[in-house]
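As stored in data.pdb (PDB, C-alpha atoms):
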MODEL        1
ATOM      1  CA  MET A  29      -6.062 -13.368 -12.308
ATOM      2  CA  HIS A  30      -3.978 -10.847 -14.267
ATOM      3  CA  VAL A  31      -3.722 -12.320 -17.774
ATOM      4  CA  PRO A  32      -0.110 -12.215 -19.080
ATOM      5  CA  ASP A  33       0.929 -11.615 -22.692
ATOM      6  CA  GLY A  34       0.550 -14.599 -25.019
ATOM      7  CA  PHE A  35      -2.338 -16.508 -23.395
ATOM      8  CA  ILE A  36      -4.884 -15.027 -25.798
ATOM      9  CA  ASP A  37      -4.080 -14.313 -29.448
ATOM     10  CA  ALA A  38      -3.511 -10.822 -30.833
ATOM     11  CA  PRO A  39      -6.825 -10.289 -32.689
ATOM     12  CA  THR A  40      -8.837 -11.267 -29.622
ATOM     13  CA  SER A  41      -6.669  -9.087 -27.385
ATOM     14  CA  VAL A  42      -7.115  -6.122 -29.733
ATOM     15  CA  ALA A  43     -10.873  -6.706 -29.881
ATOM     16  CA  ALA A  44     -11.001  -6.911 -26.084
ATOM     17  CA  ALA A  45      -8.978  -3.702 -25.856
ATOM     18  CA  ALA A  46     -11.469  -1.981 -28.157
ATOM     19  CA  VAL A  47     -14.428  -3.211 -26.113
ATOM     20  CA  ALA A  48     -12.707  -2.234 -22.857
ATOM     21  CA  ALA A  49     -11.785   1.220 -24.208
ATOM     22  CA  GLY A  50     -15.362   1.724 -25.381
ATOM     23  CA  GLY A  51     -16.637   0.573 -21.999
ATOM     24  CA  VAL A  52     -14.343   2.904 -20.080
ATOM     25  CA  ALA A  53     -15.321   5.778 -22.414
ATOM     26  CA  VAL A  54     -18.996   5.155 -21.643
ATOM     27  CA  VAL A  55     -18.146   4.979 -17.931
ATOM     28  CA  LEU A  56     -16.268   8.300 -18.126
ATOM     29  CA  ARG A  57     -19.207   9.973 -19.858
ATOM     30  CA  ARG A  58     -21.843   8.500 -17.588
ATOM     31  CA  SER A  59     -19.922   8.993 -14.366
ATOM     32  CA  GLU A  60     -20.014  12.720 -15.032
ATOM     33  CA  GLN A  61     -23.468  12.616 -13.448
ATOM     34  CA  HIS A  62     -21.954  11.117 -10.321
ATOM     35  CA  LEU A  63     -19.007  13.457 -10.093
ATOM     36  CA  LEU A  64     -20.548  16.563  -8.668
ATOM     37  CA  ASP A  65     -20.658  15.364  -5.090
ATOM     38  CA  ALA A  66     -16.902  15.394  -4.628
ATOM     39  CA  ARG A  67     -16.149  11.730  -4.345
ATOM     40  CA  ALA A  68     -12.577  11.973  -5.576
ATOM     41  CA  PRO A  69     -10.956  11.102  -2.213
ATOM     42  CA  MET A  70     -13.224   8.094  -1.635
ATOM     43  CA  THR A  71     -12.647   6.786  -5.181
ATOM     44  CA  GLY A  72      -8.905   7.192  -4.627
ATOM     45  CA  LEU A  73      -9.141   5.319  -1.347
ATOM     46  CA  VAL A  74     -11.049   2.482  -3.008
ATOM     47  CA  ALA A  75      -8.349   2.174  -5.701
ATOM     48  CA  ALA A  76      -5.572   2.236  -3.076
ATOM     49  CA  PHE A  77      -7.318  -0.350  -0.900
ATOM     50  CA  VAL A  78      -8.001  -2.687  -3.831
ATOM     51  CA  PHE A  79      -4.367  -2.358  -4.943
ATOM     52  CA  ALA A  80      -3.222  -3.410  -1.472
ATOM     53  CA  GLY A  81      -5.797  -6.224  -1.412
ATOM     54  CA  GLN A  82      -4.527  -7.572  -4.724
ATOM     55  CA  MET A  83      -1.064  -8.006  -3.151
ATOM     56  CA  LEU A  84      -2.394 -10.303  -0.451
ATOM     57  CA  ASN A  85      -2.523 -13.773  -1.935
ATOM     58  CA  PHE A  86      -4.283 -16.217   0.349
ATOM     59  CA  PRO A  87      -3.759 -19.965  -0.066
ATOM     60  CA  VAL A  88      -6.557 -22.066  -1.521
ATOM     61  CA  ALA A  89      -6.431 -25.813  -2.170
ATOM     62  CA  GLY A  90      -3.456 -27.584  -3.702
ATOM     63  CA  GLY A  91      -0.546 -25.153  -3.946
ATOM     64  CA  THR A  92      -2.716 -22.450  -5.449
ATOM     65  CA  SER A  93      -3.456 -18.977  -4.148
ATOM     66  CA  GLY A  94      -6.055 -16.349  -4.790
ATOM     67  CA  HIS A  95      -6.280 -12.655  -4.160
ATOM     68  CA  LEU A  96      -8.960 -10.022  -3.900
ATOM     69  CA  LEU A  97     -10.163  -8.788  -7.302
ATOM     70  CA  GLY A  98     -12.047  -5.935  -5.661
ATOM     71  CA  GLY A  99     -14.425  -4.972  -8.474
ATOM     72  CA  LEU A 100     -17.565  -5.768  -6.529
ATOM     73  CA  LEU A 101     -16.161  -4.139  -3.381
ATOM     74  CA  ALA A 102     -15.466  -0.954  -5.330
ATOM     75  CA  ALA A 103     -18.943  -0.952  -6.889
ATOM     76  CA  VAL A 104     -20.679  -1.420  -3.524
ATOM     77  CA  LEU A 105     -18.614   1.390  -1.953
ATOM     78  CA  VAL A 106     -18.698   4.070  -4.677
ATOM     79  CA  GLY A 107     -21.155   2.696  -7.233
ATOM     80  CA  PRO A 108     -20.422   0.801 -10.450
ATOM     81  CA  TRP A 109     -19.381   3.873 -12.472
ATOM     82  CA  LEU A 110     -16.716   5.243 -10.165
ATOM     83  CA  GLY A 111     -15.949   1.720  -8.954
ATOM     84  CA  SER A 112     -15.077   0.480 -12.429
ATOM     85  CA  LEU A 113     -12.916   3.591 -12.931
ATOM     86  CA  ALA A 114     -11.037   2.815  -9.713
ATOM     87  CA  LEU A 115     -10.486  -0.782 -10.843
ATOM     88  CA  THR A 116      -9.328   0.345 -14.287
ATOM     89  CA  VAL A 117      -6.739   2.561 -12.579
ATOM     90  CA  VAL A 118      -5.551  -0.388 -10.462
ATOM     91  CA  VAL A 119      -5.287  -2.734 -13.467
ATOM     92  CA  VAL A 120      -3.325  -0.118 -15.451
ATOM     93  CA  VAL A 121      -1.007   0.616 -12.489
ATOM     94  CA  GLN A 122      -0.375  -3.125 -11.971
ATOM     95  CA  ALA A 123       0.502  -3.585 -15.650
ATOM     96  CA  LEU A 124       2.601  -0.440 -16.184
ATOM     97  CA  LEU A 125       4.386  -0.117 -12.866
ATOM     98  CA  PHE A 126       4.581  -3.689 -11.558
ATOM     99  CA  ALA A 127       4.607  -5.803 -14.745
ATOM    100  CA  ASP A 128       1.566  -7.706 -13.417
ATOM    101  CA  GLY A 129      -0.777  -8.412 -16.338
ATOM    102  CA  GLY A 130       0.491  -8.161 -19.910
ATOM    103  CA  LEU A 131       0.446  -4.925 -21.866
ATOM    104  CA  SER A 132      -1.204  -6.643 -24.841
ATOM    105  CA  ALA A 133      -3.666  -8.167 -22.362
ATOM    106  CA  LEU A 134      -4.582  -4.826 -20.791
ATOM    107  CA  GLY A 135      -7.988  -4.791 -22.484
ATOM    108  CA  LEU A 136      -8.684  -8.354 -21.380
ATOM    109  CA  ASN A 137      -7.759  -7.503 -17.804
ATOM    110  CA  VAL A 138      -9.837  -4.311 -17.722
ATOM    111  CA  LEU A 139     -12.799  -6.339 -18.977
ATOM    112  CA  ASN A 140     -12.313  -9.266 -16.593
ATOM    113  CA  MET A 141     -11.374  -7.383 -13.446
ATOM    114  CA  ALA A 142     -12.932  -3.922 -13.789
ATOM    115  CA  LEU A 143     -15.980  -3.882 -16.034
ATOM    116  CA  VAL A 144     -17.405  -7.396 -15.548
ATOM    117  CA  PRO A 145     -17.248  -7.513 -11.715
ATOM    118  CA  ALA A 146     -18.258  -3.865 -11.266
ATOM    119  CA  PHE A 147     -21.284  -4.009 -13.563
ATOM    120  CA  LEU A 148     -22.493  -7.623 -13.772
ATOM    121  CA  GLY A 149     -21.498  -8.233 -10.156
ATOM    122  CA  TYR A 150     -23.200  -5.055  -9.008
ATOM    123  CA  GLY A 151     -26.347  -5.927 -10.965
ATOM    124  CA  LEU A 152     -26.456  -9.173  -9.071
ATOM    125  CA  PHE A 153     -25.858  -7.300  -5.808
ATOM    126  CA  LEU A 154     -28.855  -5.032  -6.482
ATOM    127  CA  LEU A 155     -31.026  -8.048  -7.287
ATOM    128  CA  ALA A 156     -29.958  -9.860  -4.117
ATOM    129  CA  ARG A 157     -30.438  -6.712  -2.033
ATOM    130  CA  ARG A 158     -33.994  -6.416  -3.296
ATOM    131  CA  LEU A 159     -34.780 -10.036  -2.436
ATOM    132  CA  LEU A 160     -33.250  -9.787   1.034
ATOM    133  CA  PRO A 161     -34.555  -7.782   3.988
ATOM    134  CA  ALA A 162     -33.550  -4.111   3.953
ATOM    135  CA  THR A 163     -31.283  -4.430   6.943
ATOM    136  CA  ARG A 164     -27.538  -4.270   7.523
ATOM    137  CA  ALA A 165     -27.443  -8.098   7.476
ATOM    138  CA  GLY A 166     -29.358  -8.090   4.203
ATOM    139  CA  VAL A 167     -26.875  -5.705   2.572
ATOM    140  CA  LEU A 168     -23.942  -7.784   3.829
ATOM    141  CA  ALA A 169     -25.495 -11.045   2.606
ATOM    142  CA  ALA A 170     -26.086  -9.494  -0.831
ATOM    143  CA  THR A 171     -22.461  -8.304  -0.785
ATOM    144  CA  ALA A 172     -21.183 -11.797   0.020
ATOM    145  CA  VAL A 173     -23.248 -13.489  -2.698
ATOM    146  CA  ALA A 174     -22.309 -10.905  -5.343
ATOM    147  CA  ALA A 175     -18.599 -10.881  -4.378
ATOM    148  CA  PHE A 176     -18.421 -14.674  -4.670
ATOM    149  CA  THR A 177     -20.220 -14.637  -8.008
ATOM    150  CA  SER A 178     -18.147 -11.726  -9.364
ATOM    151  CA  VAL A 179     -15.030 -13.935  -9.220
ATOM    152  CA  LEU A 180     -16.842 -16.694 -11.113
ATOM    153  CA  LEU A 181     -17.941 -14.087 -13.685
ATOM    154  CA  ALA A 182     -14.335 -12.935 -14.119
ATOM    155  CA  ALA A 183     -13.228 -16.569 -14.557
ATOM    156  CA  ALA A 184     -16.057 -17.091 -17.059
ATOM    157  CA  ALA A 185     -15.000 -13.949 -18.952
ATOM    158  CA  PHE A 186     -11.459 -15.312 -19.253
ATOM    159  CA  THR A 187     -12.848 -18.663 -20.434
ATOM    160  CA  LEU A 188     -14.906 -16.876 -23.087
ATOM    161  CA  GLU A 189     -11.794 -15.024 -24.265
ATOM    162  CA  TYR A 190      -9.929 -18.334 -24.340
ATOM    163  CA  ALA A 191     -12.750 -19.854 -26.396
ATOM    164  CA  VAL A 192     -12.486 -17.017 -28.914
ATOM    165  CA  GLY A 193      -8.721 -16.742 -29.182
ATOM    166  CA  GLY A 194      -6.848 -18.929 -26.721
ATOM    167  CA  ASN A 195      -3.337 -19.955 -27.732
ATOM    168  CA  GLY A 196      -3.428 -23.157 -25.664
ATOM    169  CA  ALA A 197      -4.473 -26.563 -26.995
ATOM    170  CA  ALA A 198      -6.735 -27.578 -24.092
ATOM    171  CA  PRO A 199     -10.437 -27.894 -24.937
ATOM    172  CA  VAL A 200     -12.624 -24.979 -23.818
ATOM    173  CA  THR A 201     -14.752 -27.211 -21.592
ATOM    174  CA  THR A 202     -11.651 -28.377 -19.711
ATOM    175  CA  VAL A 203     -10.482 -24.799 -19.210
ATOM    176  CA  ALA A 204     -13.986 -23.730 -18.158
ATOM    177  CA  GLY A 205     -14.191 -26.489 -15.555
ATOM    178  CA  ALA A 206     -10.721 -25.800 -14.185
ATOM    179  CA  MET A 207     -11.184 -22.015 -14.094
ATOM    180  CA  LEU A 208     -14.605 -22.138 -12.428
ATOM    181  CA  GLY A 209     -13.498 -24.872 -10.021
ATOM    182  CA  VAL A 210     -10.467 -23.066  -8.640
ATOM    183  CA  HIS A 211     -12.188 -19.671  -8.684
ATOM    184  CA  ALA A 212     -15.113 -21.007  -6.682
ATOM    185  CA  LEU A 213     -12.536 -21.358  -3.891
ATOM    186  CA  VAL A 214     -10.998 -17.946  -4.597
ATOM    187  CA  GLY A 215     -14.528 -16.509  -4.595
ATOM    188  CA  VAL A 216     -15.029 -17.602  -0.993
ATOM    189  CA  GLY A 217     -12.003 -15.510  -0.013
ATOM    190  CA  GLU A 218     -13.293 -12.607  -2.090
ATOM    191  CA  ALA A 219     -16.667 -12.832  -0.309
ATOM    192  CA  VAL A 220     -15.032 -12.908   3.149
ATOM    193  CA  ILE A 221     -12.740  -9.918   2.490
ATOM    194  CA  THR A 222     -15.398  -7.885   0.668
ATOM    195  CA  THR A 223     -18.075  -8.494   3.304
ATOM    196  CA  ALA A 224     -15.676  -7.709   6.161
ATOM    197  CA  THR A 225     -14.633  -4.457   4.467
ATOM    198  CA  VAL A 226     -18.168  -3.331   3.629
ATOM    199  CA  GLY A 227     -19.205  -4.306   7.164
ATOM    200  CA  ALA A 228     -16.453  -2.172   8.652
ATOM    201  CA  VAL A 229     -17.377   0.867   6.537
ATOM    202  CA  LEU A 230     -21.074   0.317   7.264
ATOM    203  CA  ALA A 231     -20.283   0.299  10.983
ATOM    204  CA  THR A 232     -18.252   3.524  10.900
ATOM    205  CA  ARG A 233     -19.496   5.608   7.969
ATOM    206  CA  PRO A 234     -22.659   4.014   6.503
ATOM    207  CA  ASP A 235     -23.177   7.112   4.346
ATOM    208  CA  LEU A 236     -20.056   6.134   2.393
ATOM    209  CA  VAL A 237     -21.514   2.798   1.263
ATOM    210  CA  HIS A 238     -23.158   3.610  -2.059
ATOM    211  CA  GLY A 239     -24.703   0.152  -2.361
ATOM    212  CA  ALA A 240     -26.514   0.403   0.966
ATOM    213  CA  GLY A 241     -28.881   2.906  -0.661
ATOM    214  CA  PRO A 242     -31.680   4.134   1.577
ATOM    215  CA  LEU A 243     -30.466   1.868   4.366
ATOM    216  CA  ALA A 244     -27.283   3.929   4.697
ATOM    217  CA  ARG A 245     -29.223   7.114   5.365
ATOM    218  CA  GLN A 246     -31.479   5.223   7.791
ATOM    219  CA  VAL A 247     -28.528   3.779   9.676
ATOM    220  CA  ALA A 248     -26.876   7.205   9.785
ATOM    221  CA  LEU A 249     -30.113   8.646  11.154
ATOM    222  CA  ASP A 250     -30.465   5.905  13.782
ATOM    223  CA  GLY A 251     -26.875   6.508  14.785
ATOM    224  CA  ALA A 252     -27.551  10.240  15.135
ATOM    225  CA  VAL A 253     -30.603   9.551  17.300
ATOM    226  CA  ALA A 254     -28.780   7.015  19.441
ATOM    227  CA  THR A 255     -25.883   9.316  20.243
TER     228      THR A 255
ATOM    229  CA  MET B   3     -10.528  11.743   8.202
ATOM    230  CA  PHE B   4     -12.101   8.491   7.065
ATOM    231  CA  VAL B   5     -10.032   8.571   3.892
ATOM    232  CA  LEU B   6      -6.807   9.126   5.878
ATOM    233  CA  ALA B   7      -7.644   6.225   8.189
ATOM    234  CA  GLY B   8      -8.501   4.069   5.186
ATOM    235  CA  LEU B   9      -5.215   4.899   3.481
ATOM    236  CA  LEU B  10      -3.387   3.956   6.656
ATOM    237  CA  VAL B  11      -5.145   0.575   6.639
ATOM    238  CA  ALA B  12      -4.216   0.099   2.957
ATOM    239  CA  LEU B  13      -0.570   0.901   3.740
ATOM    240  CA  VAL B  14      -0.507  -1.545   6.657
ATOM    241  CA  LEU B  15      -1.973  -4.230   4.378
ATOM    242  CA  ALA B  16       0.555  -3.478   1.631
ATOM    243  CA  VAL B  17       3.613  -3.293   3.892
ATOM    244  CA  VAL B  18       2.954  -5.555   6.881
ATOM    245  CA  VAL B  19       0.250  -8.056   5.952
ATOM    246  CA  SER B  20       1.788  -8.594   2.494
ATOM    247  CA  ARG B  21       4.703 -10.299   4.249
ATOM    248  CA  PHE B  22       2.358 -13.149   5.068
ATOM    249  CA  ALA B  23       0.872 -13.380   1.573
ATOM    250  CA  SER B  24       1.062 -16.739  -0.185
ATOM    251  CA  SER B  25       3.623 -16.935  -2.963
ATOM    252  CA  ALA B  26       1.862 -19.887  -4.621
ATOM    253  CA  PRO B  27       0.651 -19.286  -8.190
ATOM    254  CA  ASP B  28      -2.839 -17.798  -8.398
ATOM    255  CA  GLY B  29      -5.876 -19.572  -9.831
ATOM    256  CA  LEU B  30      -5.290 -18.496 -13.424
ATOM    257  CA  GLU B  31      -1.579 -19.366 -13.269
ATOM    258  CA  THR B  32      -2.359 -22.829 -11.885
ATOM    259  CA  VAL B  33      -4.928 -23.556 -14.584
ATOM    260  CA  ALA B  34      -2.561 -22.195 -17.247
ATOM    261  CA  ALA B  35       0.317 -24.366 -16.049
ATOM    262  CA  SER B  36      -1.693 -27.568 -15.715
ATOM    263  CA  HIS B  37      -3.525 -27.207 -19.033
ATOM    264  CA  GLY B  38      -0.766 -25.685 -21.140
ATOM    265  CA  LEU B  39      -2.358 -22.288 -21.736
ATOM    266  CA  ASP B  40       1.009 -20.653 -21.159
ATOM    267  CA  GLY B  41       2.846 -22.248 -24.089
ATOM    268  CA  GLU B  42       3.096 -18.925 -25.882
ATOM    269  CA  GLU B  43       3.405 -16.756 -22.796
ATOM    270  CA  ALA B  44       5.752 -13.899 -23.572
ATOM    271  CA  PRO B  45       7.900 -12.203 -20.946
ATOM    272  CA  HIS B  46       6.329  -8.968 -19.795
ATOM    273  CA  ALA B  47       7.424  -6.011 -21.927
ATOM    274  CA  LEU B  48       8.289  -4.170 -18.714
ATOM    275  CA  ALA B  49       9.781  -7.161 -16.876
ATOM    276  CA  ASP B  50      13.010  -5.205 -16.348
ATOM    277  CA  SER B  51      11.293  -2.117 -14.964
ATOM    278  CA  PRO B  52      12.383  -1.146 -11.436
ATOM    279  CA  PHE B  53       9.272  -2.343  -9.617
ATOM    280  CA  ALA B  54       8.439  -5.401 -11.736
ATOM    281  CA  ASP B  55       6.725  -8.185  -9.770
ATOM    282  CA  HIS B  56       6.260  -5.903  -6.789
ATOM    283  CA  SER B  57       9.944  -5.587  -6.007
ATOM    284  CA  ALA B  58      12.005  -2.479  -5.399
ATOM    285  CA  PRO B  59      15.319  -1.530  -7.011
ATOM    286  CA  GLY B  60      18.345  -2.188  -4.802
ATOM    287  CA  VAL B  61      16.327  -4.017  -2.161
ATOM    288  CA  ASP B  62      17.322  -7.663  -1.944
ATOM    289  CA  ASP B  63      14.994  -8.595   0.877
ATOM    290  CA  GLU B  64      11.818  -9.790  -0.850
ATOM    291  CA  ALA B  65       9.452  -8.699   1.901
ATOM    292  CA  ALA B  66      11.020  -5.239   2.220
ATOM    293  CA  GLY B  67      11.019  -4.765  -1.555
ATOM    294  CA  GLY B  68       7.396  -5.881  -1.698
ATOM    295  CA  GLY B  69       6.527  -3.427   1.063
ATOM    296  CA  ALA B  70       8.215  -0.559  -0.778
ATOM    297  CA  ALA B  71       6.441  -1.513  -4.004
ATOM    298  CA  GLY B  72       3.217  -1.685  -2.013
ATOM    299  CA  VAL B  73       3.618   1.859  -0.672
ATOM    300  CA  LEU B  74       4.275   3.095  -4.212
ATOM    301  CA  GLY B  75       1.289   1.192  -5.615
ATOM    302  CA  VAL B  76      -1.070   2.433  -2.898
ATOM    303  CA  ALA B  77       0.114   6.026  -3.420
ATOM    304  CA  VAL B  78      -0.049   5.932  -7.218
ATOM    305  CA  SER B  79      -3.447   4.175  -7.250
ATOM    306  CA  PHE B  80      -4.876   6.745  -4.846
ATOM    307  CA  ALA B  81      -3.421   9.711  -6.732
ATOM    308  CA  ALA B  82      -4.441   8.447 -10.168
ATOM    309  CA  ALA B  83      -8.018   7.508  -9.231
ATOM    310  CA  ALA B  84      -8.639  10.591  -7.075
ATOM    311  CA  GLY B  85      -6.969  12.805  -9.698
ATOM    312  CA  LEU B  86      -9.096  11.338 -12.473
ATOM    313  CA  VAL B  87     -12.330  11.904 -10.569
ATOM    314  CA  ALA B  88     -11.259  15.375  -9.392
ATOM    315  CA  ALA B  89     -10.386  16.369 -12.955
ATOM    316  CA  GLY B  90     -13.682  14.945 -14.190
ATOM    317  CA  THR B  91     -15.566  16.852 -11.492
ATOM    318  CA  ALA B  92     -13.872  20.132 -12.408
ATOM    319  CA  TRP B  93     -14.623  19.511 -16.075
ATOM    320  CA  ALA B  94     -18.272  18.664 -15.393
ATOM    321  CA  ARG B  95     -18.670  21.784 -13.221
ATOM    322  CA  ARG B  96     -17.237  24.013 -15.940
ATOM    323  CA  ARG B  97     -19.506  22.443 -18.490
ATOM    324  CA  ARG B  98     -22.673  22.744 -16.467
ATOM    325  CA  PRO B  99     -22.156  25.658 -14.097
ATOM    326  CA  ALA B 100     -25.892  26.274 -13.737
ATOM    327  CA  ARG B 101     -26.693  22.801 -12.445
ATOM    328  CA  PRO B 102     -29.294  23.347  -9.711
ATOM    329  CA  GLU B 103     -28.529  22.242  -6.185
ATOM    330  CA  GLY B 104     -30.070  18.958  -5.205
ATOM    331  CA  ALA B 105     -30.560  17.707  -8.754
ATOM    332  CA  GLY B 106     -27.988  14.998  -8.252
ATOM    333  CA  PRO B 107     -27.700  12.415  -5.539
ATOM    334  CA  PRO B 108     -27.500  14.202  -2.190
ATOM    335  CA  ALA B 109     -23.984  14.762  -0.992
ATOM    336  CA  PRO B 110     -23.427  12.703   2.153
ATOM    337  CA  ALA B 111     -22.945  14.876   5.188
ATOM    338  CA  GLY B 112     -19.358  15.308   6.239
ATOM    339  CA  THR B 113     -17.776  13.714   3.174
ATOM    340  CA  PRO B 114     -14.065  14.252   3.635
TER     341      PRO B 114
ENDMDL
END

Translate this file's structure into structure tokens.
Amino acid sequence: MHVPDGFIDAPTSVAAAAVAAGGVAVVLRRSEQHLLDARAPMTGLVAAFVFAGQMLNFPVAGGTSGHLLGGLLAAVLVGPWLGSLALTVVVVVQALLFADGGLSALGLNVLNMALVPAFLGYGLFLLARRLLPATRAGVLAATAVAAFTSVLLAAAAFTLEYAVGGNGAAPVTTVAGAMLGVHALVGVGEAVITTATVGAVLATRPDLVHGAGPLARQVALDGAVAT
Amino acid sequence: MFVLAGLLVALVLAVVVSRFASSAPDGLETVAASHGLDGEEAPHALADSPFADHSAPGVDDEAAGGGAAGVLGVAVSFAAAAGLVAAGTAWARRRRPARPEGAGPPAPAGTP
């Protein structure tokens, strides 16, 4: 999912970089309000875990693989502001240290893998959480739905960038169909890994799951009463 | 404690589980190859850097090199993200030293 150099033309890449830089600047300003409760270690852990997850390509149909994007996972664990910062760090580290994702495509990749999944995906998560029962199963179901959809949103974001400034000759509708088709399969893997991870944190330290909201405090309380 | 355990899990994923990762092209690469989006793909500007493509300098074994790159990536990602947030926290505290207790979201008990 890391866009290399040359897929998208220079003007579009520069525009995407400007939008991504603006987005990250807003995130930095806004996340100030979320900084005072010392969440540096947890945000670091989320970035480290997502980095590791992005190394683990799992096979999907027909000689293709997929890997965790992690944007939705990060947003559910530390909230969309710190979560998108963690993902931005991962995308930059992948590009600068491991030559994964082009330097000219850095803005595109920050948009597709950090900002879009962390904010649009998290918005969807909140909506699903509201519609579902306020239980652990409800939170996990909302996580699964939003994780799956966040991959489709990232694929759609790439397709949009291709529509604006793609260097290939294939029609946009063909690219859209192919991208959404293969990423529907990748999204299933994303949902499985994300839900398993959130489930594990919810089982051990529910207070560290930002997206669980009031449920987290309730679960922590129940746990305290039970023990 | 939780963060240490979590980092350990991340390291195990990056070093051990990554050996079983699929080396097939990912979804975007497949679509790009089958629909010719990669006609103007340029080699990565840092393709010759020591850890390019999750390898390690002087390590010929692909899995071992990937594991070493994984340890580096996990460490750098943790340090950069935690450092960024820690620096931001220090900056925000300096800027608003008189922020009343309890005005923000409650700090979870026992946060490491």

Between atom CA of A:Ala49 and atom CA of A:Gly135, what is the distance in Å, rounded to a tenth?
7.3 Å

Resolved residues for the PyMOL selection byres ((chain B and resi 52) around 12) as a PyMOL selection string:
(chain A and resi 124-127) or (chain B and resi 48-51+53-61+67-68+70-71+74)

What's the separation between atom CA of B:Val33 and atom CA of A:Val203, in Å to one decimal place?
7.3 Å

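When atom CA of A:Val104 is paired with atom CA of A:Ala89, their separation reads 28.3 Å.
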
So that I can see what lies close to B:Thr32, please list as a PyMOL selection string the residues with an atom at most 12 Å from it, counting only C-alpha atoms and leaving out residues fewer than 5 positions away in the same chain.
(chain A and resi 29+88-94+203+206-207+209-211) or (chain B and resi 26-27+37-40)

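Run against this file, the PyMOL selection byres ((chain A and resi 34) around 10) gives back A:Val31, A:Pro32, A:Asp33, A:Phe35, A:Ile36, A:Asp37, A:Ala38, A:Ser41, A:Gly130, A:Ser132, A:Ala133, A:Gly194, A:Asn195, A:Gly196, B:Leu39, B:Asp40, B:Gly41, B:Glu42, B:Glu43, B:Ala44, B:Pro45, B:His46.
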
Selection dump of the PyMOL selection byres ((chain B and resi 23) around 7), as a ChimeraX atom specification:
/A:84-86 /B:19-22,24-25

Taking the point (-16.5, 1.2, -8.4) as given in the file, collect each protein or nucleic acid residue that comes within 10 Å of it, counting only C-alpha atoms, and present the set as a ChimeraX atom specification.
/A:71,74-75,98-116,142-143,145-147,150,238

Model the absent atoms of stretch 23-37 of chain B so that N, CA and C atoms are present, and write the result as a tab-separated table (two decimals), in the frame of the given file.
chain	number	residue	atom	x	y	z
B	23	ALA	N	1.63	-12.95	2.74
B	23	ALA	CA	0.87	-13.38	1.57
B	23	ALA	C	1.47	-14.66	1.00
B	24	SER	N	0.61	-15.49	0.44
B	24	SER	CA	1.06	-16.74	-0.18
B	24	SER	C	1.81	-16.42	-1.48
B	25	SER	N	2.90	-17.16	-1.72
B	25	SER	CA	3.62	-16.93	-2.96
B	25	SER	C	3.29	-18.02	-3.98
B	26	ALA	N	2.30	-18.85	-3.67
B	26	ALA	CA	1.86	-19.89	-4.62
B	26	ALA	C	1.24	-19.21	-5.84
B	27	PRO	N	1.28	-19.87	-7.00
B	27	PRO	CA	0.65	-19.29	-8.19
B	27	PRO	C	-0.84	-19.07	-7.96
B	28	ASP	N	-1.40	-18.04	-8.60
B	28	ASP	CA	-2.84	-17.80	-8.40
B	28	ASP	C	-3.67	-18.73	-9.28
B	29	GLY	N	-4.98	-18.63	-9.16
B	29	GLY	CA	-5.88	-19.57	-9.83
B	29	GLY	C	-5.63	-19.66	-11.32
B	30	LEU	N	-5.51	-18.51	-11.98
B	30	LEU	CA	-5.29	-18.50	-13.42
B	30	LEU	C	-3.95	-19.14	-13.78
B	31	GLU	N	-2.92	-18.81	-12.98
B	31	GLU	CA	-1.58	-19.37	-13.27
B	31	GLU	C	-1.58	-20.89	-13.11
B	32	THR	N	-2.28	-21.38	-12.09
B	32	THR	CA	-2.36	-22.83	-11.88
B	32	THR	C	-3.04	-23.52	-13.06
B	33	VAL	N	-4.18	-22.98	-13.47
B	33	VAL	CA	-4.93	-23.56	-14.58
B	33	VAL	C	-4.07	-23.50	-15.84
B	34	ALA	N	-3.39	-22.36	-16.05
B	34	ALA	CA	-2.56	-22.20	-17.25
B	34	ALA	C	-1.43	-23.21	-17.27
B	35	ALA	N	-0.81	-23.43	-16.11
B	35	ALA	CA	0.32	-24.37	-16.05
B	35	ALA	C	-0.15	-25.80	-16.24
B	36	SER	N	-1.29	-26.16	-15.64
B	36	SER	CA	-1.69	-27.57	-15.72
B	36	SER	C	-2.38	-27.91	-17.03
B	37	HIS	N	-2.86	-26.90	-17.76
B	37	HIS	CA	-3.52	-27.21	-19.03
B	37	HIS	C	-2.80	-26.61	-20.23
